[in-house]
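This is start.tsv (TSV, C-alpha atoms).
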chain	number	residue	atom	x	y	z
R	6	MET	CA	0.00	0.00	0.00
R	7	LYS	CA	1.29	3.46	-0.85
R	8	THR	CA	1.95	5.89	1.95
R	9	LEU	CA	-0.58	8.70	1.95
R	10	ARG	CA	0.99	12.12	2.13
R	11	ARG	CA	-1.11	15.01	3.36
R	12	PHE	CA	-0.44	18.70	3.08
R	13	ASN	CA	0.52	19.99	6.48
R	14	ILE	CA	-0.65	23.59	6.41
R	15	ARG	CA	-1.01	25.44	9.69
R	16	PRO	CA	-2.88	27.41	10.76
R	17	ALA	CA	-5.76	26.23	8.60
R	18	GLN	CA	-9.34	25.01	8.69
R	19	TYR	CA	-10.00	21.47	7.50
R	20	PHE	CA	-13.22	19.79	6.44
R	21	ILE	CA	-13.00	16.14	7.50
R	22	THR	CA	-15.09	13.01	7.20
R	23	GLY	CA	-14.65	9.94	9.38
R	24	VAL	CA	-16.46	6.66	8.69
R	25	THR	CA	-17.02	3.69	10.99
R	26	PHE	CA	-15.72	0.25	10.07
R	27	ARG	CA	-18.15	-1.50	7.72
R	28	ARG	CA	-20.38	1.54	8.23
R	29	GLU	CA	-21.62	0.15	11.54
R	30	PRO	CA	-24.25	2.56	12.96
R	31	ILE	CA	-22.54	3.13	16.33
R	32	LEU	CA	-21.87	6.87	16.59
R	33	LEU	CA	-25.21	8.00	17.99
R	34	ASN	CA	-25.39	5.22	20.59
R	35	ASN	CA	-23.09	7.12	22.94
R	36	ILE	CA	-22.76	10.70	21.78
R	37	ASP	CA	-20.75	11.66	24.89
R	38	LEU	CA	-18.01	9.27	23.78
R	39	PHE	CA	-17.73	11.17	20.50
R	40	TRP	CA	-17.16	14.46	22.33
R	41	ARG	CA	-14.82	13.02	24.99
R	42	SER	CA	-12.57	11.63	22.26
R	43	TRP	CA	-11.61	15.07	20.88
R	44	ARG	CA	-8.59	15.69	23.09
R	45	LEU	CA	-6.44	17.91	20.86
R	46	THR	CA	-9.11	20.17	19.37
R	47	LYS	CA	-12.90	20.38	19.13
R	48	PRO	CA	-14.89	20.59	15.88
R	49	LYS	CA	-15.94	24.09	14.87
R	50	ALA	CA	-18.89	22.71	12.85
R	51	TRP	CA	-20.21	19.15	12.74
R	52	ALA	CA	-22.89	16.64	11.84
R	53	ILE	CA	-22.77	13.23	13.46
R	54	LEU	CA	-24.70	10.47	11.71
R	55	PRO	CA	-24.96	6.82	12.79
R	56	ASP	CA	-22.04	5.60	10.65
R	57	HIS	CA	-20.01	8.70	9.77
R	58	PHE	CA	-19.39	12.30	10.72
R	59	HIS	CA	-18.41	15.52	9.00
R	60	ALA	CA	-16.62	18.33	10.78
R	61	ILE	CA	-14.61	21.47	10.31
R	62	LEU	CA	-11.53	21.70	12.51
R	63	GLU	CA	-9.22	24.64	13.15
R	64	ILE	CA	-5.63	23.44	13.07
R	65	ASN	CA	-2.83	25.41	14.71
R	66	GLU	CA	0.17	23.70	16.32
R	67	ILE	CA	-0.79	20.06	15.79
R	68	GLY	CA	-1.30	18.55	12.32
R	69	ILE	CA	-4.55	17.06	11.04
R	70	SER	CA	-3.14	13.51	10.94
R	71	GLU	CA	-2.12	13.65	14.60
R	72	ILE	CA	-5.48	15.10	15.62
R	73	MET	CA	-7.46	12.45	13.76
R	74	HIS	CA	-5.18	9.65	14.99
R	75	SER	CA	-5.70	10.80	18.58
R	76	PHE	CA	-9.47	11.06	18.11
R	77	LYS	CA	-9.86	7.65	16.47
R	78	ILE	CA	-7.57	5.83	18.93
R	79	THR	CA	-9.24	7.42	21.96
R	80	TYR	CA	-12.73	6.67	20.66
R	81	ALA	CA	-11.85	3.08	19.72
R	82	ARG	CA	-10.23	2.28	23.08
R	83	ILE	CA	-13.17	3.53	25.09
R	84	PHE	CA	-15.69	1.96	22.71
R	85	ARG	CA	-14.00	-1.45	22.91
R	86	ASN	CA	-13.94	-1.23	26.72
R	87	LEU	CA	-17.68	-0.52	26.71
R	88	CYS	CA	-18.80	-2.85	23.91
R	89	GLY	CA	-16.03	-5.41	23.71
R	90	TYR	CA	-15.40	-5.80	20.02
R	91	GLY	CA	-12.77	-5.06	17.39
R	92	LYS	CA	-12.26	-2.50	14.71
R	93	VAL	CA	-14.21	0.77	15.03
R	94	TRP	CA	-13.04	3.05	12.19
R	95	GLN	CA	-12.28	2.66	8.51
R	96	ASN	CA	-8.64	3.24	7.71
R	97	ARG	CA	-7.79	6.85	6.97
R	98	PHE	CA	-10.20	9.77	6.69
R	99	TRP	CA	-11.18	12.35	4.11
R	100	ASP	CA	-9.83	15.87	4.50
R	101	HIS	CA	-10.00	19.12	2.55
R	102	ILE	CA	-8.24	22.37	3.39
R	103	ILE	CA	-10.72	25.25	3.50
R	104	ARG	CA	-9.41	27.89	1.08
R	105	ASP	CA	-11.57	30.96	1.77
R	106	GLN	CA	-14.91	32.10	3.18
R	107	ASN	CA	-16.84	30.86	0.13
R	108	ASP	CA	-15.27	27.41	0.51
R	109	PHE	CA	-16.05	27.45	4.25
R	110	ASN	CA	-19.69	28.34	3.52
R	111	ARG	CA	-20.05	25.53	0.94
R	112	HIS	CA	-18.64	22.95	3.35
R	113	LEU	CA	-20.72	24.28	6.23
R	114	ASP	CA	-23.84	23.87	4.07
R	115	TYR	CA	-22.74	20.35	3.10
R	116	ILE	CA	-22.30	19.38	6.75
R	117	HIS	CA	-25.70	20.70	7.77
R	118	ILE	CA	-27.66	19.29	4.81
R	119	ASN	CA	-26.06	15.84	5.09
R	120	PRO	CA	-28.54	14.45	7.68
R	121	VAL	CA	-31.40	15.57	5.41
R	122	LYS	CA	-29.74	13.95	2.39
R	123	HIS	CA	-29.51	10.66	4.31
R	124	GLY	CA	-33.16	10.84	5.44
R	125	PHE	CA	-32.58	11.48	9.15
R	126	ALA	CA	-34.45	14.81	9.17
R	127	LYS	CA	-36.73	16.88	6.96
R	128	SER	CA	-34.64	20.01	7.47
R	129	PRO	CA	-31.26	20.79	9.07
R	130	ALA	CA	-33.07	22.51	11.95
R	131	ASP	CA	-34.74	19.19	12.87
R	132	TYR	CA	-31.49	17.27	13.32
R	133	VAL	CA	-30.09	17.51	16.85
R	134	PHE	CA	-26.64	15.99	16.23
R	135	SER	CA	-25.25	18.93	14.27
R	136	SER	CA	-24.04	22.46	14.77
R	137	PHE	CA	-26.80	23.94	12.59
R	138	LYS	CA	-28.63	25.75	15.41
R	139	GLU	CA	-25.38	27.30	16.64
R	140	TYR	CA	-24.74	28.68	13.15
R	141	VAL	CA	-28.28	30.07	13.00
R	142	THR	CA	-27.54	31.88	16.28
R	143	MET	CA	-24.27	33.22	14.81
R	144	GLY	CA	-26.17	34.59	11.78
R	145	TYR	CA	-24.92	32.19	9.09
R	146	TYR	CA	-28.49	31.04	8.42
R	147	GLU	CA	-31.86	32.72	8.74
R	148	LYS	CA	-34.24	31.61	11.46

Do you think you could lay out the structure here as structure tokens?
Amino acid sequence: MKTLRRFNIRPAQYFITGVTFRREPILLNNIDLFWRSWRLTKPKAWAILPDHFHAILEINEIGISEIMHSFKITYARIFRNLCGYGKVWQNRFWDHIIRDQNDFNRHLDYIHINPVKHGFAKSPADYVFSSFKEYVTMGYYEK
């Protein structure tokens, strides 16, 4: 297998997607575990679905690979202690460096519409496992 090389640009904002192993629908079963596992940074925007999540992270001193490695290892260790079985995450993750405000807005919209696209809500405002309501409060979306 080839070694994946990522751009290591800091400071930067990254759009990321993480997917569970075999797309097992485990992420909403213990939402606190998801949040406890972010030790190096916290998502700035997010949508957590049963088998994957999308987020925007602000990266400063620590690179995106280290942050995601820490998150996935922490989550997997705690999850295995609670549930007792093997692999939790697919190998790797998807990332995209946010280039400008327009790019940020497009990815923010993608994150918030994703639960609707997958049939978990009729509108982004109806889905509780996302940052949509926070971004309405900040003025990114109309009420």

- Message: Calculated over only C-alpha atoms, which of the candidates R:Arg85, R:Lys77, R:Lys47, R:Lys92 has the smallest distance to Phe26 (chain R)?
- Response: R:Lys92

- Message: Between CA of His112 (chain R) and CA of Phe98 (chain R), what distance in Å does the model show, to one decimal?
- Response: 16.0 Å

Enclose all atoms of region 19-23 of chain R listed in the file in an axis-aligned box, grow every side by 4 Å, and hand back centre and edge lengths in Å to one decimal, as lines of an AutoDock Vina configuration file.
center_x = -12.5
center_y = 15.7
center_z = 7.9
size_x = 13.1
size_y = 19.5
size_z = 10.9

- Message: When you count only C-alpha atoms, which of these residues is closest to Glu66 (chain R): R:Asp37, R:Ala126, R:Pro16, R:Asp114?
- Response: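 For Glu66 (chain R), the nearest of the given residues is R:Pro16.
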
- Item | Residue nearest Thr22 (chain R) - candidates R:Ile118, R:Met143, R:Val133, R:Ala60, atoms counted: only C-alpha atoms |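 Nearest candidate to Thr22 (chain R) out of R:Ile118, R:Met143, R:Val133, R:Ala60: R:Ala60.
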
- Message: Ranking R:Thr46, R:Asn96, R:Asn35, R:Ser136 by minimum distance to His117 (chain R) and counting all atoms listed in the file, which one comes first?
- Response: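 Comparing R:Thr46, R:Asn96, R:Asn35, R:Ser136 against His117 (chain R), the winner is R:Ser136.
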
- Message: Nearest residue to Phe58 (chain R) out of R:Gln18, R:Ser135, R:Asn34, R:Ser42, using only C-alpha atoms?
- Response: R:Ser135

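If you measure from each of R:Leu45, R:Leu32, R:Ile72, R:Ala52 to Pro129 (chain R) using only C-alpha atoms, the closest one turns out to be R:Ala52.
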
- Correct to one decimal, the distance CA of Ile69 (chain R)-CA of Lys122 (chain R) is 26.8 Å

- Task: For CA of Glu63 (chain R) and CA of Tyr132 (chain R), determine how far apart the two atoms are, in Å to one decimal place.
- Result: 23.5 Å

Quick one: residues within 9 Å of Trp94 (chain R), all atoms listed in the file counted, chain neighbours fewer than 6 positions away excluded, as a PDB file with C-alpha atoms, in the coordinates of the input?
ATOM      1  CA  GLY R  23     -14.650   9.940   9.380  1.00  0.00           C
ATOM      2  CA  VAL R  24     -16.460   6.660   8.690  1.00  0.00           C
ATOM      3  CA  THR R  25     -17.020   3.690  10.990  1.00  0.00           C
ATOM      4  CA  PHE R  26     -15.720   0.250  10.070  1.00  0.00           C
ATOM      5  CA  ARG R  27     -18.150  -1.500   7.720  1.00  0.00           C
ATOM      6  CA  ARG R  28     -20.380   1.540   8.230  1.00  0.00           C
ATOM      7  CA  LYS R  77      -9.860   7.650  16.470  1.00  0.00           C
ATOM      8  CA  ALA R  81     -11.850   3.080  19.720  1.00  0.00           C
TER       9      ALA R  81
END

I'd like the neighbourhood of Leu113 (chain R) as a PDB file with C-alpha atoms, keeping the file's coordinate frame, where a residue qualifies if any of its atoms comes within 12 Å (using all atoms listed in the file), though same-chain residues fewer than 6 positions away should be ignored.
ATOM      1  CA  GLN R  18      -9.340  25.010   8.690  1.00  0.00           C
ATOM      2  CA  TYR R  19     -10.000  21.470   7.500  1.00  0.00           C
ATOM      3  CA  PHE R  20     -13.220  19.790   6.440  1.00  0.00           C
ATOM      4  CA  ILE R  21     -13.000  16.140   7.500  1.00  0.00           C
ATOM      5  CA  PRO R  48     -14.890  20.590  15.880  1.00  0.00           C
ATOM      6  CA  LYS R  49     -15.940  24.090  14.870  1.00  0.00           C
ATOM      7  CA  ALA R  50     -18.890  22.710  12.850  1.00  0.00           C
ATOM      8  CA  TRP R  51     -20.210  19.150  12.740  1.00  0.00           C
ATOM      9  CA  ALA R  52     -22.890  16.640  11.840  1.00  0.00           C
ATOM     10  CA  HIS R  59     -18.410  15.520   9.000  1.00  0.00           C
ATOM     11  CA  ALA R  60     -16.620  18.330  10.780  1.00  0.00           C
ATOM     12  CA  ILE R  61     -14.610  21.470  10.310  1.00  0.00           C
ATOM     13  CA  LEU R  62     -11.530  21.700  12.510  1.00  0.00           C
ATOM     14  CA  ILE R 103     -10.720  25.250   3.500  1.00  0.00           C
ATOM     15  CA  GLN R 106     -14.910  32.100   3.180  1.00  0.00           C
ATOM     16  CA  ASN R 107     -16.840  30.860   0.130  1.00  0.00           C
ATOM     17  CA  ASN R 119     -26.060  15.840   5.090  1.00  0.00           C
ATOM     18  CA  PRO R 129     -31.260  20.790   9.070  1.00  0.00           C
ATOM     19  CA  SER R 135     -25.250  18.930  14.270  1.00  0.00           C
ATOM     20  CA  SER R 136     -24.040  22.460  14.770  1.00  0.00           C
ATOM     21  CA  PHE R 137     -26.800  23.940  12.590  1.00  0.00           C
ATOM     22  CA  GLU R 139     -25.380  27.300  16.640  1.00  0.00           C
ATOM     23  CA  TYR R 140     -24.740  28.680  13.150  1.00  0.00           C
ATOM     24  CA  VAL R 141     -28.280  30.070  13.000  1.00  0.00           C
ATOM     25  CA  TYR R 145     -24.920  32.190   9.090  1.00  0.00           C
ATOM     26  CA  TYR R 146     -28.490  31.040   8.420  1.00  0.00           C
TER      27      TYR R 146
END
